[in-house]
>>> print(open('start-v6.cif').read())   # mmCIF, C-alpha atoms and all ligand atoms
data_start
loop_
_atom_site.group_PDB
_atom_site.id
_atom_site.type_symbol
_atom_site.label_atom_id
_atom_site.label_comp_id
_atom_site.auth_asym_id
_atom_site.auth_seq_id
_atom_site.Cartn_x
_atom_site.Cartn_y
_atom_site.Cartn_z
ATOM 1 C CA MET A 1 -126.958 -20.666 60.809
ATOM 2 C CA ASP A 2 -124.780 -17.719 59.810
ATOM 3 C CA PRO A 3 -127.213 -15.039 58.511
ATOM 4 C CA ASN A 4 -124.490 -13.924 56.101
ATOM 5 C CA GLU A 5 -124.022 -17.376 54.600
ATOM 6 C CA ARG A 6 -124.035 -17.247 50.813
ATOM 7 C CA THR A 7 -124.659 -19.958 48.264
ATOM 8 C CA TYR A 8 -123.522 -20.442 44.678
ATOM 9 C CA THR A 9 -124.594 -23.168 42.258
ATOM 10 C CA ASN A 10 -123.696 -24.556 38.860
ATOM 11 C CA GLY A 11 -126.867 -26.652 38.713
ATOM 12 C CA GLU A 12 -125.047 -29.779 39.850
ATOM 13 C CA ILE A 13 -123.708 -28.744 43.253
ATOM 14 C CA THR A 14 -124.308 -25.787 45.577
ATOM 15 C CA VAL A 15 -121.307 -24.298 47.365
ATOM 16 C CA SER A 16 -121.985 -22.480 50.644
ATOM 17 C CA TRP A 17 -119.658 -19.901 52.139
ATOM 18 C CA LYS A 18 -119.875 -19.028 55.813
ATOM 19 C CA PRO A 19 -118.071 -15.671 56.289
ATOM 20 C CA SER A 20 -117.806 -15.990 60.068
ATOM 21 C CA ALA A 21 -115.778 -19.197 59.666
ATOM 22 C CA CYS A 22 -113.526 -17.895 56.873
ATOM 23 C CA ILE A 23 -110.054 -17.023 58.141
ATOM 24 C CA HIS A 24 -108.866 -15.771 54.753
ATOM 25 C CA ALA A 25 -106.147 -18.371 54.735
ATOM 26 C CA THR A 26 -106.247 -18.105 50.916
ATOM 27 C CA THR A 27 -106.248 -21.861 50.210
ATOM 28 C CA CYS A 28 -109.254 -21.640 47.902
ATOM 29 C CA TYR A 29 -108.121 -18.804 45.697
ATOM 30 C CA ARG A 30 -104.455 -19.764 45.641
ATOM 31 C CA GLU A 31 -105.492 -23.120 44.237
ATOM 32 C CA LEU A 32 -108.483 -22.196 42.055
ATOM 33 C CA ILE A 33 -108.587 -18.504 41.178
ATOM 34 C CA THR A 34 -110.893 -19.149 38.215
ATOM 35 C CA VAL A 35 -113.637 -20.036 40.726
ATOM 36 C CA PHE A 36 -112.663 -18.281 43.975
ATOM 37 C CA ASN A 37 -111.612 -14.730 43.214
ATOM 38 C CA PRO A 38 -112.044 -12.254 46.094
ATOM 39 C CA ARG A 39 -111.509 -9.304 43.770
ATOM 40 C CA LYS A 40 -114.665 -10.136 41.809
ATOM 41 C CA ARG A 41 -118.354 -9.890 42.715
ATOM 42 C CA PRO A 42 -119.744 -12.416 43.209
ATOM 43 C CA TRP A 43 -116.426 -13.786 44.407
ATOM 44 C CA VAL A 44 -117.401 -17.391 43.522
ATOM 45 C CA ASN A 45 -117.786 -18.242 39.833
ATOM 46 C CA MET A 46 -119.233 -21.723 39.583
ATOM 47 C CA GLN A 47 -118.576 -21.843 35.845
ATOM 48 C CA GLY A 48 -114.824 -21.435 36.386
ATOM 49 C CA ALA A 49 -113.936 -25.127 36.744
ATOM 50 C CA PRO A 50 -115.485 -28.607 36.511
ATOM 51 C CA THR A 51 -117.583 -29.755 39.460
ATOM 52 C CA GLU A 52 -115.032 -32.340 40.646
ATOM 53 C CA LYS A 53 -112.293 -29.711 40.803
ATOM 54 C CA ILE A 54 -114.502 -27.335 42.790
ATOM 55 C CA ILE A 55 -115.299 -30.135 45.262
ATOM 56 C CA GLU A 56 -111.581 -30.946 45.624
ATOM 57 C CA ILE A 57 -110.772 -27.345 46.610
ATOM 58 C CA VAL A 58 -113.830 -26.888 48.840
ATOM 59 C CA ARG A 59 -112.696 -29.937 50.809
ATOM 60 C CA LYS A 60 -109.352 -28.248 51.462
ATOM 61 C CA CYS A 61 -110.899 -25.250 53.239
ATOM 62 C CA PRO A 62 -109.275 -25.524 56.686
ATOM 63 C CA THR A 63 -112.267 -24.238 58.666
ATOM 64 C CA ASN A 64 -115.194 -25.560 56.595
ATOM 65 C CA ALA A 65 -116.153 -21.994 55.733
ATOM 66 C CA LEU A 66 -116.701 -23.546 52.308
ATOM 67 C CA THR A 67 -118.918 -26.595 52.028
ATOM 68 C CA TYR A 68 -120.891 -28.142 49.200
ATOM 69 C CA ASP A 69 -124.130 -30.011 48.628
ATOM 70 C CA TRP A 70 -125.151 -32.061 45.632
ATOM 71 C CA ASN A 71 -128.332 -30.574 44.167
ATOM 72 C CA ASP A 72 -129.575 -34.098 43.526
ATOM 73 C CA PRO A 73 -130.819 -35.217 46.978
ATOM 74 C CA ALA A 74 -130.011 -38.825 46.105
ATOM 75 C CA LYS A 75 -126.298 -37.999 46.174
ATOM 76 C CA LYS A 76 -124.338 -37.942 49.407
ATOM 77 C CA SER A 77 -123.465 -34.490 50.741
ATOM 78 C CA ASP A 78 -120.412 -33.238 52.656
ATOM 79 C CA LYS A 79 -122.225 -30.277 54.130
ATOM 80 C CA PRO A 80 -122.166 -30.318 57.944
ATOM 81 C CA ALA A 81 -125.590 -30.593 59.551
ATOM 82 C CA GLU A 82 -127.181 -27.491 61.000
ATOM 83 C CA GLY A 83 -125.670 -26.668 64.392
ATOM 84 C CA SER A 84 -122.629 -28.828 63.831
ATOM 85 C CA TYR A 85 -120.164 -25.934 63.737
ATOM 86 C CA GLU A 86 -120.015 -25.979 67.544
ATOM 87 C CA LEU A 87 -119.146 -29.664 67.324
ATOM 88 C CA MET A 88 -116.472 -28.890 64.733
ATOM 89 C CA GLU A 89 -115.039 -26.303 67.090
ATOM 90 C CA GLU A 90 -114.891 -28.880 69.861
ATOM 91 C CA ASN A 91 -113.230 -31.376 67.525
ATOM 92 C CA SER A 92 -110.772 -28.720 66.463
ATOM 93 C CA ARG A 93 -109.887 -28.048 70.104
ATOM 94 C CA SER A 94 -109.212 -31.692 70.868
ATOM 95 C CA ARG A 95 -107.251 -32.188 67.627
ATOM 96 C CA MET A 96 -105.042 -29.195 68.370
ATOM 97 C CA ALA A 97 -104.578 -29.883 72.102
ATOM 98 C CA GLY A 98 -100.906 -29.412 72.933
ATOM 99 C CA LYS A 99 -99.971 -28.485 69.370
ATOM 100 C CA PRO A 100 -97.310 -25.756 69.339
ATOM 101 C CA VAL A 101 -98.599 -22.455 68.033
ATOM 102 C CA GLU A 102 -97.488 -21.557 64.540
ATOM 103 C CA ILE A 103 -97.853 -18.047 63.127
ATOM 104 C CA ARG A 104 -97.669 -17.530 59.392
ATOM 105 C CA ILE A 105 -97.371 -14.109 57.782
ATOM 106 C CA MET A 106 -99.537 -14.052 54.662
ATOM 107 C CA LYS A 107 -98.107 -11.923 51.881
ATOM 108 C CA ASN A 108 -99.984 -8.601 51.918
ATOM 109 C CA GLY A 109 -102.504 -10.220 54.253
ATOM 110 C CA PRO A 110 -103.128 -11.308 57.836
ATOM 111 C CA TYR A 111 -101.203 -13.307 60.425
ATOM 112 C CA VAL A 112 -102.603 -16.834 60.368
ATOM 113 C CA VAL A 113 -102.297 -18.521 63.762
ATOM 114 C CA GLU A 114 -102.738 -22.246 64.262
ATOM 115 C CA GLY A 115 -102.238 -24.476 67.297
ATOM 116 C CA ASP A 116 -103.323 -24.746 70.904
ATOM 117 C CA PHE A 117 -104.100 -21.156 71.886
ATOM 118 C CA ARG A 118 -106.889 -19.015 73.277
ATOM 119 C CA VAL A 119 -107.800 -15.432 72.483
ATOM 120 C CA ILE A 120 -108.955 -13.451 75.512
ATOM 121 C CA GLY A 121 -110.759 -10.164 74.839
ATOM 122 C CA SER A 122 -110.262 -6.935 76.825
ATOM 123 C CA ASP A 123 -113.404 -7.910 78.769
ATOM 124 C CA GLY A 124 -111.581 -11.003 80.003
ATOM 125 C CA LYS A 125 -113.835 -13.339 78.014
ATOM 126 C CA GLU A 126 -112.550 -15.929 75.624
ATOM 127 C CA LYS A 127 -113.434 -15.213 72.031
ATOM 128 C CA LYS A 128 -115.166 -18.148 70.387
ATOM 129 C CA LEU A 129 -113.196 -19.547 67.527
ATOM 130 C CA MET A 130 -111.513 -22.614 66.151
ATOM 131 C CA MET A 131 -107.886 -23.287 66.919
ATOM 132 C CA MET A 132 -106.962 -21.517 63.737
ATOM 133 C CA THR A 133 -107.632 -17.899 62.983
ATOM 134 C CA SER A 134 -106.206 -14.843 61.286
ATOM 135 C CA PHE A 135 -105.405 -11.463 62.788
ATOM 136 C CA CYS A 136 -105.672 -8.240 60.832
ATOM 137 C CA ARG A 137 -102.383 -6.651 59.834
ATOM 138 C CA CYS A 138 -103.722 -3.920 57.557
ATOM 139 C CA GLY A 139 -105.904 -2.011 60.036
ATOM 140 C CA ALA A 140 -109.004 -2.078 57.803
ATOM 141 C CA SER A 141 -110.918 -5.030 59.254
ATOM 142 C CA GLU A 142 -114.401 -4.373 60.547
ATOM 143 C CA SER A 143 -114.213 -7.335 62.891
ATOM 144 C CA MET A 144 -111.012 -6.548 64.771
ATOM 145 C CA PRO A 145 -108.788 -8.130 65.864
ATOM 146 C CA PHE A 146 -109.612 -10.681 63.183
ATOM 147 C CA CYS A 147 -109.095 -10.401 59.450
ATOM 148 C CA ASP A 148 -112.332 -10.035 57.491
ATOM 149 C CA GLY A 149 -110.752 -9.920 54.047
ATOM 150 C CA SER A 150 -110.772 -6.113 53.815
ATOM 151 C CA HIS A 151 -107.024 -6.042 53.078
ATOM 152 C CA ARG A 152 -107.845 -7.084 49.517
ATOM 153 C CA ILE A 153 -110.320 -4.246 49.017
ATOM 154 C CA GLU A 154 -107.787 -1.808 50.508
ATOM 155 C CA ASN A 155 -105.008 -3.262 48.322
ATOM 156 C CA PHE A 156 -102.873 -3.596 51.419
ATOM 157 C CA THR A 157 -99.189 -4.102 50.696
ATOM 158 C CA SER A 158 -96.560 -4.785 53.305
ATOM 159 C CA SER A 159 -92.911 -3.987 52.844
ATOM 160 C CA CYS A 160 -91.794 -6.471 55.506
ATOM 161 C CA ASP A 161 -93.242 -9.836 54.399
HETATM 162 S S1 LIG B 201 -110.947 -20.178 55.107
HETATM 163 FE FE1 LIG B 201 -111.789 -21.373 53.435
HETATM 164 S S2 LIG B 201 -113.134 -19.936 52.361
HETATM 165 FE FE2 LIG B 201 -111.818 -18.708 53.652
HETATM 166 S S3 LIG B 201 -110.120 -18.163 52.292
HETATM 167 FE FE3 LIG B 201 -109.525 -20.016 53.407
HETATM 168 S S4 LIG B 201 -110.075 -21.696 52.033
HETATM 169 FE FE4 LIG B 201 -111.154 -19.852 51.325
HETATM 170 S S1 LIG B 202 -105.267 -8.123 57.160
HETATM 171 FE FE1 LIG B 202 -107.169 -8.841 56.431
HETATM 172 S S2 LIG B 202 -108.552 -7.259 56.964
HETATM 173 FE FE2 LIG B 202 -106.632 -6.525 57.672
#
>>> encode(input="start-v6.cif", output="C-alpha cells", more="lines below")
Ligand code: SF4
Ligand code: FES
Amino acid sequence: MDPNERTYTNGEITVSWKPSACIHATTCYRELITVFNPRKRPWVNMQGAPTEKIIEIVRKCPTNALTYDWNDPAKKSDKPAEGSYELMEENSRSRMAGKPVEIRIMKNGPYVVEGDFRVIGSDGKEKKLMMMTSFCRCGASESMPFCDGSHRIENFTSSCD
C-alpha cells in the first residue's frame, strides 16, 4: 500500500488517491473540476458532484491512481485488491506491447508518454512504472524525472505549447 494514499468520502462512497500512480494526466480535473481541483486543499471535494458522476470520472483515471469503494459493504467495489498494482503493471505491459510511443505536451504541464517503452535510470536499472507516465517540464518536481504535480503550485507557464 502507498503510505501516501489519501481517502475522501461523501458518506456513500470513498475515493482513494494513490499519488505514486498519478501521472497528472489531468483527466479528472479537466472533466470534473468541481470535485478534483489541484489548486485547492484538500484537492478532492466530495460534495462537488453527485456520486454517480464522481464514479464515472474515477473510472476514467488512466492509471487507477483514483479508485472508489462503496461505504456499504453489500455493494460491489471497483477498488483493486491490496497488492494488485503489480498485476496492473503487468497487464499494462502486455496491453501496450508493440504500441508505438506517443508523447503529448500538456499545456503548462508535463510530457505524457504512452506506449511500449522503458525508462532506464543513470544506474542502468529500469524504473518501475506503467507503460504510461509523465516527465517534468517545469523543473520543480521532487521526484525527477517524473512529474509530481508541482508545476501547478509553481504556476508553470510555457511559451512553446
Ligand atoms: S492520473 Fe488519475 S488521478 Fe492523476 S491526474 Fe490523471 S486522472 Fe487524475
Ligand atoms: S511538469 Fe509537473 S512537476 Fe514539473
>>> closest_residue(input="start-v6.cif", among="A:Met132, A:Cys22, A:Ala49, A:Ala140", to="Arg95 of chain A", atoms="all atoms listed in the file")
A:Met132
>>> residues_around(input="start-v6.cif", residues="Ile57 of chain A", least_positions_apart="2", cutoff="8 Å", atoms="all atoms listed in the file", output="list in words")
Thr27, Cys28, Glu31, Leu32, Lys53, Ile54, Ile55, Arg59, Lys60 and Cys61 of chain A
>>> residues_near_ligand(input="start-v6.cif", ligand="ligand LIG 202 (chain B)", cutoff="9 Å", atoms="only C-alpha atoms and all ligand atoms", output="list in words")
Ile23, His24, Met106, Asn108, Gly109, Pro110, Tyr111, Ser134, Phe135, Cys136, Arg137, Cys138, Gly139, Ala140, Ser141, Glu142, Ser143, Met144, Pro145, Phe146, Cys147, Asp148, Gly149, Ser150, His151, Arg152, Ile153, Glu154 and Phe156 of chain A
>>> axis_aligned_box(input="start-v6.cif", around="ligand LIG 201 (chain B)", padding_each_side="8 Å", output="lines of an AutoDock Vina configuration file")
center_x = -111.3
center_y = -19.9
center_z = 53.2
size_x = 19.6
size_y = 19.5
size_z = 19.8
>>> closest_residue(input="start-v6.cif", among="A:Asp161, A:Lys127, A:Asn155, A:Thr51", to="Pro38 of chain A", atoms="all atoms listed in the file")
A:Asn155
>>> resolve_selection(input="start-v6.cif", expression="the PyMOL selection byres (((chain A and resi 62-68) around 10) and not hetatm)", output="JSON, numbers by chain")
{"A": [5, 6, 7, 8, 9, 13, 14, 15, 16, 17, 18, 19, 20, 21, 22, 23, 24, 25, 26, 27, 28, 54, 55, 57, 58, 59, 60, 61, 69, 70, 71, 77, 78, 79, 80, 85, 88, 89, 92, 130, 131, 132, 133]}
>>> closest_residue(input="start-v6.cif", among="A:Asp116, A:Glu52, A:Arg104, A:Phe36", to="ligand LIG 201 (chain B)", atoms="all atoms listed in the file")
A:Phe36
>>> atom_distance(input="start-v6.cif", atom1="atom S1 of ligand LIG 201 (chain B)", atom2="atom CA of Gly98 of chain A")
22.4 Å
>>> atom_distance(input="start-v6.cif", atom1="atom CA of Asp72 of chain A", atom2="atom CA of Gly11 of chain A")
9.3 Å
>>> atom_distance(input="start-v6.cif", atom1="atom CA of Val35 of chain A", atom2="atom CA of Gly48 of chain A")
4.7 Å
>>> closest_residue(input="start-v6.cif", among="A:Asn37, A:Asn10, A:Gln47, A:Ser159", to="ligand LIG 201 (chain B)", atoms="only C-alpha atoms and all ligand atoms")
A:Asn37
>>> resolve_selection(input="start-v6.cif", expression="the PyMOL selection byres (((chain A and resi 117) around 10) and not hetatm)", output="list in words")
Arg93, Met96, Ala97, Gly98, Lys99, Pro100, Val101, Glu102, Val113, Glu114, Gly115, Asp116, Arg118, Val119, Ile120, Met130, Met131 and Met132 of chain A
>>> closest_residue(input="start-v6.cif", among="A:Ile33, A:Ala74, A:Ile105, A:Cys160", to="ligand LIG 201 (chain B)", atoms="all atoms listed in the file")
A:Ile33
>>> closest_residue(input="start-v6.cif", among="A:Arg41, A:Lys75, A:Glu56, A:Pro50", to="ligand LIG 201 (chain B)", atoms="all atoms listed in the file")
A:Glu56
